[in-house]
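Engineer: I have a structure here, written as structure tokens, and I will follow up with some questions on it.
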Amino acid sequence: MNLQSTDFELFALPVGFAQDRATVDMRWKDLQREVHPDNFAAQGATAQRLSMQWSVRINEAYQRLKDPLKRAAYLCELHGTPVNAENNTAMPAAFLIQQMEWREALDEAATVAQLEALESMVSPARKEALQLCAEYLDEKHDYIRAVAQVRALMFIDRFSRDIEARLDQMDSMDRGQ
């Protein structure tokens, strides 16, 4: 193993957006077992410290590989097209209008049913963004378009988390009464 390897090399996976989650999970467990500090107890503190570094590196790679959004952003970066979401917030007007409409609907939602209905509208948009990421990354190798989809997916995921937070808030209010 090499600390400078890409996440895909480290996990012995093909470089690409499409990944089997069970395979990623299995490979993570295998790698963690391989570098566990207990395996190096007889070799001294330096070997154990190195195994800890490996463990951290493996966990960081796992976090990127298991999450489609992080994996897509990582692939874009590997191919010289970083997402730079904090510096590049330009999005197509239609997408921004949709986001504003969703935000208004979220602000106006007063019931669990309304929030769940909003969530059911967002879910297909997320699925479509993931499909486009796969197409641009794995089929067309169009990393500029992939970056735009990653950024859209970031918006969608953040909005989904906001819906979940509102649902949790309503749930805790119901239990408090």
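In the structure tokens, the first chain shown is A, the next is B, and so on; residue numbers restart at 1 for each chain, and ligands run from 1 in the order shown.
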Name all residues at most 10 Å from range 165-169 of chain A (count only C-alpha atoms; drop same-chain ones fewer than 6 positions away) and give them as a compact mmCIF listing (two decimals) with N, CA, C and O atoms, in the first residue's frame.

Structural biologist:
# COMPACT_ATOMS: atom_id res chain seq x y z
N LEU A 106 -41.05 24.80 1.41
CA LEU A 106 -40.56 24.36 2.72
C LEU A 106 -40.95 25.35 3.81
O LEU A 106 -41.40 24.96 4.88
N ASP A 107 -40.81 26.63 3.52
CA ASP A 107 -41.19 27.66 4.49
C ASP A 107 -42.68 27.61 4.81
O ASP A 107 -43.08 27.86 5.96
N ALA A 109 -44.67 24.89 4.49
CA ALA A 109 -45.12 23.56 4.93
C ALA A 109 -45.41 23.59 6.43
O ALA A 109 -44.57 23.97 7.24
N ALA A 110 -46.62 23.18 6.76
CA ALA A 110 -47.05 23.21 8.16
C ALA A 110 -47.37 21.81 8.70
O ALA A 110 -47.60 21.66 9.90
N THR A 111 -47.37 20.82 7.82
CA THR A 111 -47.72 19.47 8.26
C THR A 111 -46.67 18.47 7.76
O THR A 111 -45.93 18.75 6.81
N VAL A 112 -46.66 17.32 8.40
CA VAL A 112 -45.76 16.25 7.98
C VAL A 112 -46.10 15.83 6.55
O VAL A 112 -45.20 15.60 5.73
N ALA A 113 -47.37 15.77 6.23
CA ALA A 113 -47.79 15.37 4.88
C ALA A 113 -47.25 16.34 3.83
O ALA A 113 -46.82 15.91 2.75
N LEU A 115 -44.54 18.17 4.08
CA LEU A 115 -43.09 17.96 4.00
C LEU A 115 -42.76 16.67 3.24
O LEU A 115 -41.84 16.65 2.43
N GLU A 116 -43.53 15.64 3.48
CA GLU A 116 -43.31 14.39 2.76
C GLU A 116 -43.61 14.54 1.27
O GLU A 116 -42.93 13.94 0.44
N PHE A 159 -30.90 20.62 0.62
CA PHE A 159 -32.34 20.85 0.76
C PHE A 159 -33.02 19.63 1.39
O PHE A 159 -33.88 19.78 2.26
N ARG A 175 -43.91 14.82 20.16
CA ARG A 175 -43.60 14.03 21.35
C ARG A 175 -43.62 14.90 22.60
O ARG A 175 -43.90 14.41 23.68

Engineer: Using only C-alpha atoms, determine which residues lie at most 12 Å from Asp30 in chain A, disregarding the query and same-chain residues fewer than 5 positions distant; provide the list as a PyMOL selection string.

Structural biologist: chain A and resi 10-12+23-25+35-36+55+58-59+62

Engineer: Okay, now the selection with N, CA and C atoms, as an mmCIF file, in the first residue's frame?

Structural biologist:
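File result_6.cif, as written:
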data_model
loop_
_atom_site.group_PDB
_atom_site.id
_atom_site.type_symbol
_atom_site.label_atom_id
_atom_site.label_comp_id
_atom_site.auth_asym_id
_atom_site.auth_seq_id
_atom_site.Cartn_x
_atom_site.Cartn_y
_atom_site.Cartn_z
ATOM 1 N N LEU A 10 -6.186 2.417 -3.623
ATOM 2 C CA LEU A 10 -6.100 1.915 -2.257
ATOM 3 C C LEU A 10 -7.119 0.806 -2.015
ATOM 4 N N PHE A 11 -8.331 0.980 -2.531
ATOM 5 C CA PHE A 11 -9.400 0.007 -2.336
ATOM 6 C C PHE A 11 -9.447 -1.054 -3.438
ATOM 7 N N ALA A 12 -8.517 -0.968 -4.390
ATOM 8 C CA ALA A 12 -8.467 -1.906 -5.522
ATOM 9 C C ALA A 12 -9.811 -1.943 -6.259
ATOM 10 N N THR A 23 -19.274 -3.922 -2.025
ATOM 11 C CA THR A 23 -17.859 -4.150 -2.318
ATOM 12 C C THR A 23 -16.994 -3.108 -1.624
ATOM 13 N N VAL A 24 -17.421 -1.849 -1.661
ATOM 14 C CA VAL A 24 -16.681 -0.777 -0.975
ATOM 15 C C VAL A 24 -16.624 -1.075 0.521
ATOM 16 N N ASP A 25 -17.757 -1.440 1.101
ATOM 17 C CA ASP A 25 -17.806 -1.746 2.535
ATOM 18 C C ASP A 25 -16.904 -2.928 2.883
ATOM 19 N N VAL A 35 -4.566 -3.282 8.664
ATOM 20 C CA VAL A 35 -3.704 -2.262 9.283
ATOM 21 C C VAL A 35 -4.009 -2.032 10.764
ATOM 22 N N HIS A 36 -4.838 -2.851 11.354
ATOM 23 C CA HIS A 36 -5.203 -2.653 12.758
ATOM 24 C C HIS A 36 -3.952 -2.616 13.627
ATOM 25 N N SER A 55 -4.832 3.684 8.975
ATOM 26 C CA SER A 55 -6.242 3.576 9.348
ATOM 27 C C SER A 55 -6.991 4.870 9.029
ATOM 28 N N ILE A 58 -7.353 5.191 5.239
ATOM 29 C CA ILE A 58 -8.381 4.266 4.746
ATOM 30 C C ILE A 58 -9.770 4.805 5.062
ATOM 31 N N ASN A 59 -9.954 5.333 6.276
ATOM 32 C CA ASN A 59 -11.266 5.893 6.650
ATOM 33 C C ASN A 59 -11.627 7.100 5.802
ATOM 34 N N TYR A 62 -12.663 5.815 2.459
ATOM 35 C CA TYR A 62 -13.973 5.161 2.580
ATOM 36 C C TYR A 62 -15.098 6.195 2.591
#

Engineer: Identify which of the residues A:Thr89, A:Gln99, A:Ser172, A:Gln32 lies closest to Val150 in chain A, counting only C-alpha atoms when measuring atom-to-atom distances.

Structural biologist: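 Once distances to Val150 in chain A are computed over only C-alpha atoms, the minimum belongs to A:Thr89.
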
Engineer: Using only C-alpha atoms for the distances, tell me which of A:Gly44, A:Arg57, A:Gln4, A:Leu118 is nearest to Glu104 in chain A.

Structural biologist: A:Leu118

Engineer: Using only C-alpha atoms, can you tell me which of A:Leu31, A:Ala94, A:Ala22, A:Leu153 comes closest to Ala73 in chain A?

Structural biologist: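 Comparing A:Leu31, A:Ala94, A:Ala22, A:Leu153 against Ala73 in chain A, the winner is A:Leu153.
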
Engineer: Near range 13-18 of chain A, counting only C-alpha atoms, which residues have an atom at most 10 Å away, once you skip same-chain residues fewer than 6 positions from it, shown as a list in words?

Structural biologist: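 The residues satisfying every condition are Thr6, Asp7, Val24, Arg27, Leu65, Pro68, Leu69, Arg71, Ala72, Ala73, Tyr74, Leu75, Cys76, Leu78, Leu130, Gln131, Cys133, Ala134, Glu135, Tyr136, Leu137, Asp138, Glu139 and His141 of chain A.
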